[in-house]
file protein06.cif (mmCIF, C-alpha atoms and all ligand atoms)
data_entry
#
loop_
_atom_site.group_PDB
_atom_site.id
_atom_site.type_symbol
_atom_site.label_atom_id
_atom_site.label_comp_id
_atom_site.auth_asym_id
_atom_site.auth_seq_id
_atom_site.Cartn_x
_atom_site.Cartn_y
_atom_site.Cartn_z
ATOM 1 C CA MET J 1 27.793 33.445 -11.432
ATOM 2 C CA LYS J 2 27.559 34.682 -7.898
ATOM 3 C CA ASN J 3 23.826 33.937 -7.876
ATOM 4 C CA SER J 4 24.292 30.364 -9.016
ATOM 5 C CA GLU J 5 27.008 29.861 -6.368
ATOM 6 C CA LYS J 6 24.601 31.154 -3.749
ATOM 7 C CA GLN J 7 21.870 28.939 -5.087
ATOM 8 C CA GLY J 8 24.188 25.928 -4.920
ATOM 9 C CA GLN J 9 25.222 26.764 -1.369
ATOM 10 C CA THR J 10 21.598 27.146 -0.322
ATOM 11 C CA ASN J 11 20.650 23.807 -1.900
ATOM 12 C CA ALA J 12 23.559 22.033 -0.269
ATOM 13 C CA ALA J 13 22.695 23.412 3.164
ATOM 14 C CA GLN J 14 18.989 22.448 3.111
ATOM 15 C CA PRO J 15 19.196 18.627 2.988
ATOM 16 C CA LYS J 16 21.815 18.637 5.758
ATOM 17 C CA GLU J 17 19.509 20.610 8.012
ATOM 18 C CA SER J 18 16.450 18.461 7.303
ATOM 19 C CA GLN J 19 18.521 15.280 7.595
ATOM 20 C CA SER J 20 19.762 16.113 11.062
ATOM 21 C CA LYS J 21 16.220 17.100 12.042
ATOM 22 C CA ASP J 22 14.938 13.662 10.868
ATOM 23 C CA ILE J 23 17.595 11.796 12.839
ATOM 24 C CA LYS J 24 16.783 13.858 15.933
ATOM 25 C CA ASN J 25 13.028 13.273 15.552
ATOM 26 C CA ASN J 26 13.415 9.509 15.104
ATOM 27 C CA SER J 27 16.176 8.917 17.632
ATOM 28 C CA LYS J 28 13.754 7.401 20.144
ATOM 29 C CA ASN J 29 12.957 4.674 17.552
ATOM 30 C CA ILE J 30 16.558 3.609 16.950
ATOM 31 C CA VAL J 31 17.041 0.052 18.224
ATOM 32 C CA ALA J 32 20.290 -0.785 20.005
ATOM 33 C CA PRO J 33 21.810 -3.892 18.346
ATOM 34 C CA ALA J 34 22.149 -7.158 20.288
ATOM 35 C CA PRO J 35 25.732 -8.160 21.206
ATOM 36 C CA ASP J 36 25.745 -10.797 18.429
ATOM 37 C CA ALA J 37 24.157 -8.529 15.789
ATOM 38 C CA ALA J 38 25.424 -8.910 12.211
ATOM 39 C CA THR J 39 27.913 -6.249 11.221
ATOM 40 C CA ASP J 40 28.175 -7.147 7.537
ATOM 41 C CA LEU J 41 26.120 -8.769 4.771
ATOM 42 C CA LYS J 42 27.846 -12.137 5.226
ATOM 43 C CA GLY J 43 26.797 -12.131 8.885
ATOM 44 C CA LEU J 44 23.212 -11.289 7.943
ATOM 45 C CA PHE J 45 23.328 -14.011 5.257
ATOM 46 C CA ILE J 46 24.427 -16.640 7.799
ATOM 47 C CA ASP J 47 21.762 -15.490 10.298
ATOM 48 C CA SER J 48 19.115 -15.775 7.581
ATOM 49 C CA LEU J 49 20.357 -19.272 6.691
ATOM 50 C CA LYS J 50 19.958 -20.345 10.333
ATOM 51 C CA ASP J 51 16.447 -18.943 10.304
ATOM 52 C CA ILE J 52 15.344 -20.866 7.195
ATOM 53 C CA TYR J 53 17.182 -23.997 8.401
ATOM 54 C CA TRP J 54 14.975 -23.928 11.505
ATOM 55 C CA ALA J 55 11.909 -23.239 9.322
ATOM 56 C CA GLU J 56 12.560 -26.130 6.904
ATOM 57 C CA ASN J 57 13.118 -28.553 9.805
ATOM 58 C CA ALA J 58 9.886 -27.345 11.419
ATOM 59 C CA LEU J 59 8.092 -28.020 8.112
ATOM 60 C CA VAL J 60 9.475 -31.567 7.981
ATOM 61 C CA GLY J 61 7.753 -32.058 11.340
ATOM 62 C CA ALA J 62 4.491 -30.335 10.364
ATOM 63 C CA LEU J 63 3.776 -31.526 6.803
ATOM 64 C CA PRO J 64 2.739 -35.138 7.707
ATOM 65 C CA LYS J 65 -0.114 -33.786 9.877
ATOM 66 C CA MET J 66 -1.264 -31.526 7.042
ATOM 67 C CA ALA J 67 -1.187 -34.466 4.604
ATOM 68 C CA ASP J 68 -3.165 -36.644 7.064
ATOM 69 C CA ASN J 69 -5.863 -33.985 7.304
ATOM 70 C CA ALA J 70 -6.230 -33.514 3.543
ATOM 71 C CA SER J 71 -9.137 -35.362 1.940
ATOM 72 C CA ALA J 72 -8.393 -34.896 -1.759
ATOM 73 C CA ALA J 73 -5.833 -37.486 -2.861
ATOM 74 C CA GLY J 74 -4.193 -34.875 -5.086
ATOM 75 C CA LEU J 75 -3.653 -32.603 -2.101
ATOM 76 C CA SER J 76 -2.260 -35.172 0.355
ATOM 77 C CA GLY J 77 -0.047 -36.500 -2.472
ATOM 78 C CA ALA J 78 1.255 -33.015 -3.249
ATOM 79 C CA ILE J 79 2.019 -32.368 0.439
ATOM 80 C CA LEU J 80 3.823 -35.701 0.856
ATOM 81 C CA GLU J 81 5.842 -35.035 -2.294
ATOM 82 C CA HIS J 82 6.791 -31.633 -0.906
ATOM 83 C CA LEU J 83 7.801 -33.336 2.354
ATOM 84 C CA SER J 84 10.479 -35.342 0.562
ATOM 85 C CA ILE J 85 11.551 -32.203 -1.369
ATOM 86 C CA THR J 86 11.743 -30.312 1.961
ATOM 87 C CA LYS J 87 13.978 -33.005 3.499
ATOM 88 C CA ASN J 88 16.280 -32.572 0.507
ATOM 89 C CA GLN J 89 16.218 -28.787 1.020
ATOM 90 C CA VAL J 90 17.395 -29.299 4.609
ATOM 91 C CA ALA J 91 20.331 -31.352 3.266
ATOM 92 C CA ARG J 92 21.012 -28.662 0.647
ATOM 93 C CA LEU J 93 21.158 -25.975 3.345
ATOM 94 C CA GLU J 94 23.696 -28.140 5.187
ATOM 95 C CA LYS J 95 25.820 -28.063 2.022
ATOM 96 C CA VAL J 96 25.528 -24.261 1.946
ATOM 97 C CA PHE J 97 26.687 -24.031 5.587
ATOM 98 C CA ASP J 98 29.526 -26.349 4.635
ATOM 99 C CA LEU J 99 30.567 -24.158 1.691
ATOM 100 C CA LEU J 100 30.735 -21.180 4.061
ATOM 101 C CA GLY J 101 32.732 -23.118 6.641
ATOM 102 C CA GLU J 102 29.889 -22.701 9.128
ATOM 103 C CA LYS J 103 28.208 -25.232 11.400
ATOM 104 C CA ALA J 104 24.633 -26.015 10.304
ATOM 105 C CA GLU J 105 22.393 -24.794 13.088
ATOM 106 C CA GLY J 106 18.881 -23.437 13.319
ATOM 107 C CA LYS J 107 17.614 -20.297 14.976
ATOM 108 C CA LYS J 108 13.888 -20.087 15.692
ATOM 109 C CA CYS J 109 12.067 -18.483 12.779
ATOM 110 C CA GLU J 110 9.182 -16.575 14.361
ATOM 111 C CA ALA J 111 7.500 -16.091 10.983
ATOM 112 C CA MET J 112 7.389 -19.833 10.192
ATOM 113 C CA ALA J 113 6.344 -20.632 13.770
ATOM 114 C CA GLY J 114 3.432 -18.211 13.290
ATOM 115 C CA LEU J 115 2.488 -19.626 9.888
ATOM 116 C CA LEU J 116 2.467 -23.183 11.282
ATOM 117 C CA LYS J 117 0.367 -22.068 14.246
ATOM 118 C CA GLU J 118 -2.107 -20.545 11.800
ATOM 119 C CA GLY J 119 -2.124 -23.851 9.874
ATOM 120 C CA ASP J 120 -3.087 -25.672 13.090
ATOM 121 C CA SER J 121 -5.871 -23.148 13.747
ATOM 122 C CA ILE J 122 -7.285 -23.724 10.257
ATOM 123 C CA LEU J 123 -7.573 -27.470 11.009
ATOM 124 C CA LEU J 124 -9.543 -26.691 14.170
ATOM 125 C CA GLU J 125 -11.748 -24.194 12.377
ATOM 126 C CA THR J 126 -12.786 -26.450 9.466
ATOM 127 C CA THR J 127 -14.607 -29.760 9.124
ATOM 128 C CA PRO J 128 -12.808 -32.487 7.141
ATOM 129 C CA GLY J 129 -13.464 -32.468 3.399
ATOM 130 C CA ALA J 130 -13.301 -29.826 0.705
ATOM 131 C CA VAL J 131 -13.499 -26.883 3.119
ATOM 132 C CA ARG J 132 -10.596 -28.137 5.259
ATOM 133 C CA ASP J 133 -8.675 -28.877 2.059
ATOM 134 C CA ALA J 134 -9.196 -25.286 0.932
ATOM 135 C CA GLY J 135 -7.911 -24.115 4.337
ATOM 136 C CA ILE J 136 -4.860 -26.384 4.110
ATOM 137 C CA ILE J 137 -4.071 -25.011 0.652
ATOM 138 C CA ALA J 138 -4.432 -21.433 1.913
ATOM 139 C CA ALA J 139 -2.055 -22.103 4.822
ATOM 140 C CA SER J 140 0.397 -23.965 2.576
ATOM 141 C CA GLN J 141 0.509 -21.180 0.013
ATOM 142 C CA LYS J 142 1.293 -18.626 2.725
ATOM 143 C CA ILE J 143 4.192 -20.867 3.742
ATOM 144 C CA GLU J 144 5.399 -21.242 0.143
ATOM 145 C CA HIS J 145 5.239 -17.486 -0.415
ATOM 146 C CA TYR J 146 7.283 -16.912 2.732
ATOM 147 C CA GLU J 147 9.864 -19.414 1.493
ATOM 148 C CA ILE J 148 9.932 -17.856 -1.994
ATOM 149 C CA ALA J 149 10.604 -14.427 -0.438
ATOM 150 C CA THR J 150 13.289 -15.881 1.841
ATOM 151 C CA TYR J 151 15.166 -17.843 -0.822
ATOM 152 C CA GLY J 152 14.927 -14.920 -3.265
ATOM 153 C CA THR J 153 16.694 -12.762 -0.671
ATOM 154 C CA LEU J 154 19.241 -15.487 0.171
ATOM 155 C CA VAL J 155 20.191 -15.896 -3.522
ATOM 156 C CA ALA J 156 20.657 -12.126 -3.826
ATOM 157 C CA PHE J 157 22.780 -12.004 -0.631
ATOM 158 C CA ALA J 158 24.922 -14.963 -1.788
ATOM 159 C CA LYS J 159 25.581 -13.309 -5.154
ATOM 160 C CA ALA J 160 26.327 -9.947 -3.529
ATOM 161 C CA ILE J 161 29.087 -11.452 -1.367
ATOM 162 C CA GLY J 162 30.485 -13.610 -4.197
ATOM 163 C CA GLU J 163 29.298 -16.979 -2.798
ATOM 164 C CA ASN J 164 28.273 -18.231 -6.231
ATOM 165 C CA ASP J 165 28.186 -21.961 -5.417
ATOM 166 C CA ALA J 166 25.873 -21.226 -2.487
ATOM 167 C CA ALA J 167 23.752 -19.020 -4.777
ATOM 168 C CA LYS J 168 23.369 -21.920 -7.240
ATOM 169 C CA LEU J 169 22.178 -24.305 -4.512
ATOM 170 C CA LEU J 170 19.742 -21.751 -3.106
ATOM 171 C CA THR J 171 18.417 -21.025 -6.616
ATOM 172 C CA GLN J 172 17.484 -24.724 -6.932
ATOM 173 C CA THR J 173 15.438 -24.503 -3.733
ATOM 174 C CA LEU J 174 13.829 -21.245 -4.868
ATOM 175 C CA ALA J 175 12.679 -22.989 -8.076
ATOM 176 C CA GLU J 176 11.245 -25.906 -6.053
ATOM 177 C CA GLU J 177 9.270 -23.548 -3.801
ATOM 178 C CA LYS J 178 7.826 -21.762 -6.844
ATOM 179 C CA GLU J 179 6.872 -25.116 -8.367
ATOM 180 C CA ALA J 180 5.163 -26.195 -5.124
ATOM 181 C CA ASP J 181 3.178 -22.959 -5.118
ATOM 182 C CA CYS J 182 2.054 -23.588 -8.742
ATOM 183 C CA LEU J 183 1.064 -27.158 -7.862
ATOM 184 C CA LEU J 184 -1.020 -25.912 -4.924
ATOM 185 C CA ASN J 185 -2.678 -23.430 -7.283
ATOM 186 C CA ASP J 186 -3.634 -26.260 -9.637
ATOM 187 C CA VAL J 187 -5.043 -28.365 -6.785
ATOM 188 C CA ALA J 188 -6.943 -25.337 -5.454
ATOM 189 C CA LEU J 189 -8.511 -24.599 -8.831
ATOM 190 C CA ASN J 190 -9.541 -28.242 -9.293
ATOM 191 C CA LEU J 191 -10.926 -28.296 -5.757
ATOM 192 C CA VAL J 192 -12.943 -25.148 -6.332
ATOM 193 C CA ASN J 193 -14.330 -26.726 -9.497
ATOM 194 C CA ILE J 194 -15.322 -29.894 -7.638
ATOM 195 C CA VAL J 195 -17.028 -27.958 -4.843
ATOM 196 C CA ALA J 196 -18.760 -25.699 -7.384
ATOM 197 C CA ALA J 197 -20.052 -28.741 -9.263
ATOM 198 C CA GLU J 198 -21.701 -30.233 -6.143
HETATM 199 FE FE FE V 201 11.174 -25.422 1.687
HETATM 200 FE FE FE V 202 8.163 -25.211 0.570
#
call {"tool": "encode", "arguments": {"input": "protein06.cif", "output": "structure tokens", "more": "lines below"}}
Ligand SMILES: [Fe+2]
Ligand SMILES: [Fe+2]
result
Amino acid sequence: MKNSEKQGQTNAAQPKESQSKDIKNNSKNIVAPAPDAATDLKGLFIDSLKDIYWAENALVGALPKMADNASAAGLSGAILEHLSITKNQVARLEKVFDLLGEKAEGKKCEAMAGLLKEGDSILLETTPGAVRDAGIIAASQKIEHYEIATYGTLVAFAKAIGENDAAKLLTQTLAEEKEADCLLNDVALNLVNIVAAE
């Protein structure tokens, strides 16, 4: 009995020691929060909504150029269709802000800004035709995957804080982003087949 008590005491003491050692070792990496940092999940949820609101608006501005540079009719058509879906997603986000009693406002999304910059680089680095189309699809799928990850998180956050109406709206957008990704896959496979047949 005494042995097991000792054993228990020893086990309990060890993690505490190693934990405090870890905190001490990593203390130089701890980032001091900004004055407006989120203090709860609802705050982080609203920040993330502002981020994707900026991103969707940036896409509304960028998609026409991508469509103009696509050669395959299927690809430019798919991009233009996603442009109208994206405009609707912006309006849907405004409804989500409304449900939360928050003003709809964007906050620069560095990830989307980077993805769009990469999309521009791909246009410069490819000649028009099948190769540029393949580049446009690659850039677009990176964007869709970013959106899928973002909306997946937003749905989970909304559910976690009991904002079920917001979760339903965000789930609709998540489904649209997944569909767009599938459509791009189909176009890519057809494009690869066309290029392979030449
Ligand atoms: Fe979107
Ligand atoms: Fe999208």
call {"tool": "residues_near_ligand", "arguments": {"input": "protein06.cif", "ligand": "ligand FE 201 (chain V)", "cutoff": "8 Å", "atoms": "all atoms listed in the file", "output": "VMD selection string"}}
result
chain J and resid 55 to 56 59 85 to 86 89 to 90 144 147 173 176 to 177
call {"tool": "atom_distance", "arguments": {"input": "protein06.cif", "atom1": "CA of Ile52 in chain J", "atom2": "CA of Leu154 in chain J"}}
result
9.7 Å
call {"tool": "closest_residue", "arguments": {"input": "protein06.cif", "among": "J:Ala130, J:Ala62, J:Ala139, J:Ala180", "to": "Val192 in chain J", "atoms": "all atoms listed in the file"}}
result
J:Ala130
call {"tool": "closest_residue", "arguments": {"input": "protein06.cif", "among": "J:Leu189, J:Ile79, J:Leu170, J:Ala34", "to": "Thr150 in chain J", "atoms": "only C-alpha atoms"}}
result
J:Leu170
call {"tool": "closest_residue", "arguments": {"input": "protein06.cif", "among": "J:Glu163, J:Ile46, J:Ser140, J:Ile30", "to": "ligand FE 202 (chain V)", "atoms": "only C-alpha atoms and all ligand atoms"}}
result
J:Ser140
call {"tool": "atom_distance", "arguments": {"input": "protein06.cif", "atom1": "CA of Asp68 in chain J", "atom2": "CA of Ala188 in chain J"}}
result
17.3 Å
call {"tool": "atom_distance", "arguments": {"input": "protein06.cif", "atom1": "CA of Ser71 in chain J", "atom2": "CA of Gly129 in chain J"}}
result
5.4 Å
call {"tool": "resolve_selection", "arguments": {"input": "protein06.cif", "expression": "the PyMOL selection byres (((chain J and resi 106-115) around 12) and not hetatm)", "output": "PDB file with C-alpha atoms, in the coordinates of the input"}}
result
ATOM      1  CA  ILE J  46      24.427 -16.640   7.799  1.00  0.00           C
ATOM      2  CA  ASP J  47      21.762 -15.490  10.298  1.00  0.00           C
ATOM      3  CA  SER J  48      19.115 -15.775   7.581  1.00  0.00           C
ATOM      4  CA  LEU J  49      20.357 -19.272   6.691  1.00  0.00           C
ATOM      5  CA  LYS J  50      19.958 -20.345  10.333  1.00  0.00           C
ATOM      6  CA  ASP J  51      16.447 -18.943  10.304  1.00  0.00           C
ATOM      7  CA  ILE J  52      15.344 -20.866   7.195  1.00  0.00           C
ATOM      8  CA  TYR J  53      17.182 -23.997   8.401  1.00  0.00           C
ATOM      9  CA  TRP J  54      14.975 -23.928  11.505  1.00  0.00           C
ATOM     10  CA  ALA J  55      11.909 -23.239   9.322  1.00  0.00           C
ATOM     11  CA  GLU J  56      12.560 -26.130   6.904  1.00  0.00           C
ATOM     12  CA  ASN J  57      13.118 -28.553   9.805  1.00  0.00           C
ATOM     13  CA  ALA J  58       9.886 -27.345  11.419  1.00  0.00           C
ATOM     14  CA  LEU J  59       8.092 -28.020   8.112  1.00  0.00           C
ATOM     15  CA  GLY J  61       7.753 -32.058  11.340  1.00  0.00           C
ATOM     16  CA  ALA J  62       4.491 -30.335  10.364  1.00  0.00           C
ATOM     17  CA  VAL J  90      17.395 -29.299   4.609  1.00  0.00           C
ATOM     18  CA  LEU J  93      21.158 -25.975   3.345  1.00  0.00           C
ATOM     19  CA  GLU J  94      23.696 -28.140   5.187  1.00  0.00           C
ATOM     20  CA  PHE J  97      26.687 -24.031   5.587  1.00  0.00           C
ATOM     21  CA  GLU J 102      29.889 -22.701   9.128  1.00  0.00           C
ATOM     22  CA  LYS J 103      28.208 -25.232  11.400  1.00  0.00           C
ATOM     23  CA  ALA J 104      24.633 -26.015  10.304  1.00  0.00           C
ATOM     24  CA  GLU J 105      22.393 -24.794  13.088  1.00  0.00           C
ATOM     25  CA  LEU J 116       2.467 -23.183  11.282  1.00  0.00           C
ATOM     26  CA  LYS J 117       0.367 -22.068  14.246  1.00  0.00           C
ATOM     27  CA  GLU J 118      -2.107 -20.545  11.800  1.00  0.00           C
ATOM     28  CA  GLY J 119      -2.124 -23.851   9.874  1.00  0.00           C
ATOM     29  CA  ASP J 120      -3.087 -25.672  13.090  1.00  0.00           C
ATOM     30  CA  SER J 121      -5.871 -23.148  13.747  1.00  0.00           C
ATOM     31  CA  ILE J 122      -7.285 -23.724  10.257  1.00  0.00           C
ATOM     32  CA  ILE J 136      -4.860 -26.384   4.110  1.00  0.00           C
ATOM     33  CA  ALA J 138      -4.432 -21.433   1.913  1.00  0.00           C
ATOM     34  CA  ALA J 139      -2.055 -22.103   4.822  1.00  0.00           C
ATOM     35  CA  SER J 140       0.397 -23.965   2.576  1.00  0.00           C
ATOM     36  CA  GLN J 141       0.509 -21.180   0.013  1.00  0.00           C
ATOM     37  CA  LYS J 142       1.293 -18.626   2.725  1.00  0.00           C
ATOM     38  CA  ILE J 143       4.192 -20.867   3.742  1.00  0.00           C
ATOM     39  CA  GLU J 144       5.399 -21.242   0.143  1.00  0.00           C
ATOM     40  CA  HIS J 145       5.239 -17.486  -0.415  1.00  0.00           C
ATOM     41  CA  TYR J 146       7.283 -16.912   2.732  1.00  0.00           C
ATOM     42  CA  GLU J 147       9.864 -19.414   1.493  1.00  0.00           C
ATOM     43  CA  ALA J 149      10.604 -14.427  -0.438  1.00  0.00           C
ATOM     44  CA  THR J 150      13.289 -15.881   1.841  1.00  0.00           C
TER      45      THR J 150
END
call {"tool": "closest_residue", "arguments": {"input": "protein06.cif", "among": "J:Asn69, J:Glu125, J:Ala167, J:Gly74", "to": "Gly152 in chain J", "atoms": "only C-alpha atoms"}}
result
J:Ala167
call {"tool": "closest_residue", "arguments": {"input": "protein06.cif", "among": "J:Lys95, J:Lys159, J:Lys87, J:Lys42", "to": "ligand FE 202 (chain V)", "atoms": "all atoms listed in the file"}}
result
J:Lys87
call {"tool": "closest_residue", "arguments": {"input": "protein06.cif", "among": "J:Asp165, J:Asp186, J:Asp133, J:Glu81", "to": "ligand FE 202 (chain V)", "atoms": "only C-alpha atoms and all ligand atoms"}}
result
J:Glu81
call {"tool": "build_atoms", "arguments": {"input": "protein06.cif", "residues": "range 110-143 of chain J", "atoms": "N, CA and C atoms", "output": "mmCIF file, in the coordinates of the input"}}
result
data_model
loop_
_atom_site.group_PDB
_atom_site.id
_atom_site.type_symbol
_atom_site.label_atom_id
_atom_site.label_comp_id
_atom_site.auth_asym_id
_atom_site.auth_seq_id
_atom_site.Cartn_x
_atom_site.Cartn_y
_atom_site.Cartn_z
ATOM 1 N N GLU J 110 10.483 -16.963 13.801
ATOM 2 C CA GLU J 110 9.182 -16.575 14.361
ATOM 3 C C GLU J 110 8.108 -16.546 13.286
ATOM 4 N N ALA J 111 8.489 -16.165 12.071
ATOM 5 C CA ALA J 111 7.500 -16.091 10.983
ATOM 6 C C ALA J 111 6.958 -17.483 10.667
ATOM 7 N N MET J 112 7.859 -18.477 10.510
ATOM 8 C CA MET J 112 7.389 -19.833 10.192
ATOM 9 C C MET J 112 6.615 -20.418 11.374
ATOM 10 N N ALA J 113 7.072 -20.142 12.591
ATOM 11 C CA ALA J 113 6.344 -20.632 13.770
ATOM 12 C C ALA J 113 4.915 -20.092 13.745
ATOM 13 N N GLY J 114 4.754 -18.833 13.368
ATOM 14 C CA GLY J 114 3.432 -18.211 13.290
ATOM 15 C C GLY J 114 2.594 -18.816 12.174
ATOM 16 N N LEU J 115 3.220 -19.043 11.028
ATOM 17 C CA LEU J 115 2.488 -19.626 9.888
ATOM 18 C C LEU J 115 2.020 -21.046 10.217
ATOM 19 N N LEU J 116 2.851 -21.808 10.924
ATOM 20 C CA LEU J 116 2.467 -23.183 11.282
ATOM 21 C C LEU J 116 1.357 -23.175 12.336
ATOM 22 N N LYS J 117 1.417 -22.209 13.231
ATOM 23 C CA LYS J 117 0.367 -22.068 14.246
ATOM 24 C C LYS J 117 -0.959 -21.746 13.558
ATOM 25 N N GLU J 118 -0.901 -20.890 12.555
ATOM 26 C CA GLU J 118 -2.107 -20.545 11.800
ATOM 27 C C GLU J 118 -2.645 -21.777 11.067
ATOM 28 N N GLY J 119 -1.719 -22.609 10.546
ATOM 29 C CA GLY J 119 -2.124 -23.851 9.874
ATOM 30 C C GLY J 119 -2.879 -24.765 10.828
ATOM 31 N N ASP J 120 -2.402 -24.861 12.068
ATOM 32 C CA ASP J 120 -3.087 -25.672 13.090
ATOM 33 C C ASP J 120 -4.477 -25.113 13.389
ATOM 34 N N SER J 121 -4.574 -23.788 13.468
ATOM 35 C CA SER J 121 -5.871 -23.148 13.747
ATOM 36 C C SER J 121 -6.862 -23.453 12.639
ATOM 37 N N ILE J 122 -6.387 -23.460 11.394
ATOM 38 C CA ILE J 122 -7.285 -23.724 10.257
ATOM 39 C C ILE J 122 -7.867 -25.139 10.359
ATOM 40 N N LEU J 123 -7.071 -26.096 10.841
ATOM 41 C CA LEU J 123 -7.573 -27.470 11.009
ATOM 42 C C LEU J 123 -8.706 -27.485 12.034
ATOM 43 N N LEU J 124 -8.511 -26.754 13.121
ATOM 44 C CA LEU J 124 -9.543 -26.691 14.170
ATOM 45 C C LEU J 124 -10.808 -26.003 13.682
ATOM 46 N N GLU J 125 -10.620 -25.039 12.802
ATOM 47 C CA GLU J 125 -11.748 -24.194 12.377
ATOM 48 C C GLU J 125 -12.490 -24.723 11.159
ATOM 49 N N THR J 126 -12.112 -25.912 10.658
ATOM 50 C CA THR J 126 -12.786 -26.450 9.466
ATOM 51 C C THR J 126 -13.152 -27.922 9.683
ATOM 52 N N THR J 127 -14.245 -28.341 9.077
ATOM 53 C CA THR J 127 -14.607 -29.760 9.124
ATOM 54 C C THR J 127 -13.870 -30.460 7.979
ATOM 55 N N PRO J 128 -13.537 -31.770 8.186
ATOM 56 C CA PRO J 128 -12.808 -32.487 7.141
ATOM 57 C C PRO J 128 -13.574 -32.503 5.819
ATOM 58 N N GLY J 129 -12.848 -32.489 4.734
ATOM 59 C CA GLY J 129 -13.464 -32.468 3.399
ATOM 60 C C GLY J 129 -12.944 -31.286 2.599
ATOM 61 N N ALA J 130 -13.746 -30.867 1.640
ATOM 62 C CA ALA J 130 -13.301 -29.826 0.705
ATOM 63 C C ALA J 130 -12.969 -28.502 1.400
ATOM 64 N N VAL J 131 -13.752 -28.177 2.455
ATOM 65 C CA VAL J 131 -13.499 -26.883 3.119
ATOM 66 C C VAL J 131 -12.152 -26.910 3.843
ATOM 67 N N ARG J 132 -11.890 -28.030 4.573
ATOM 68 C CA ARG J 132 -10.596 -28.137 5.259
ATOM 69 C C ARG J 132 -9.463 -28.160 4.230
ATOM 70 N N ASP J 133 -9.692 -28.847 3.116
ATOM 71 C CA ASP J 133 -8.675 -28.877 2.059
ATOM 72 C C ASP J 133 -8.349 -27.462 1.575
ATOM 73 N N ALA J 134 -9.410 -26.668 1.388
ATOM 74 C CA ALA J 134 -9.196 -25.286 0.932
ATOM 75 C C ALA J 134 -8.384 -24.510 1.972
ATOM 76 N N GLY J 135 -8.663 -24.771 3.257
ATOM 77 C CA GLY J 135 -7.911 -24.115 4.337
ATOM 78 C C GLY J 135 -6.451 -24.551 4.357
ATOM 79 N N ILE J 136 -6.232 -25.856 4.128
ATOM 80 C CA ILE J 136 -4.860 -26.384 4.110
ATOM 81 C C ILE J 136 -4.069 -25.765 2.945
ATOM 82 N N ILE J 137 -4.740 -25.629 1.812
ATOM 83 C CA ILE J 137 -4.071 -25.011 0.652
ATOM 84 C C ILE J 137 -3.732 -23.546 0.955
ATOM 85 N N ALA J 138 -4.674 -22.849 1.576
ATOM 86 C CA ALA J 138 -4.432 -21.433 1.913
ATOM 87 C C ALA J 138 -3.221 -21.299 2.834
ATOM 88 N N ALA J 139 -3.178 -22.158 3.871
ATOM 89 C CA ALA J 139 -2.055 -22.103 4.822
ATOM 90 C C ALA J 139 -0.749 -22.478 4.126
ATOM 91 N N SER J 140 -0.816 -23.494 3.270
ATOM 92 C CA SER J 140 0.397 -23.965 2.576
ATOM 93 C C SER J 140 0.935 -22.907 1.624
ATOM 94 N N GLN J 141 0.030 -22.201 0.956
ATOM 95 C CA GLN J 141 0.509 -21.180 0.013
ATOM 96 C C GLN J 141 1.147 -20.000 0.740
ATOM 97 N N LYS J 142 0.642 -19.689 1.942
ATOM 98 C CA LYS J 142 1.293 -18.626 2.725
ATOM 99 C C LYS J 142 2.723 -19.060 3.068
ATOM 100 N N ILE J 143 2.868 -20.332 3.411
ATOM 101 C CA ILE J 143 4.192 -20.867 3.742
ATOM 102 C C ILE J 143 5.100 -20.811 2.506
#
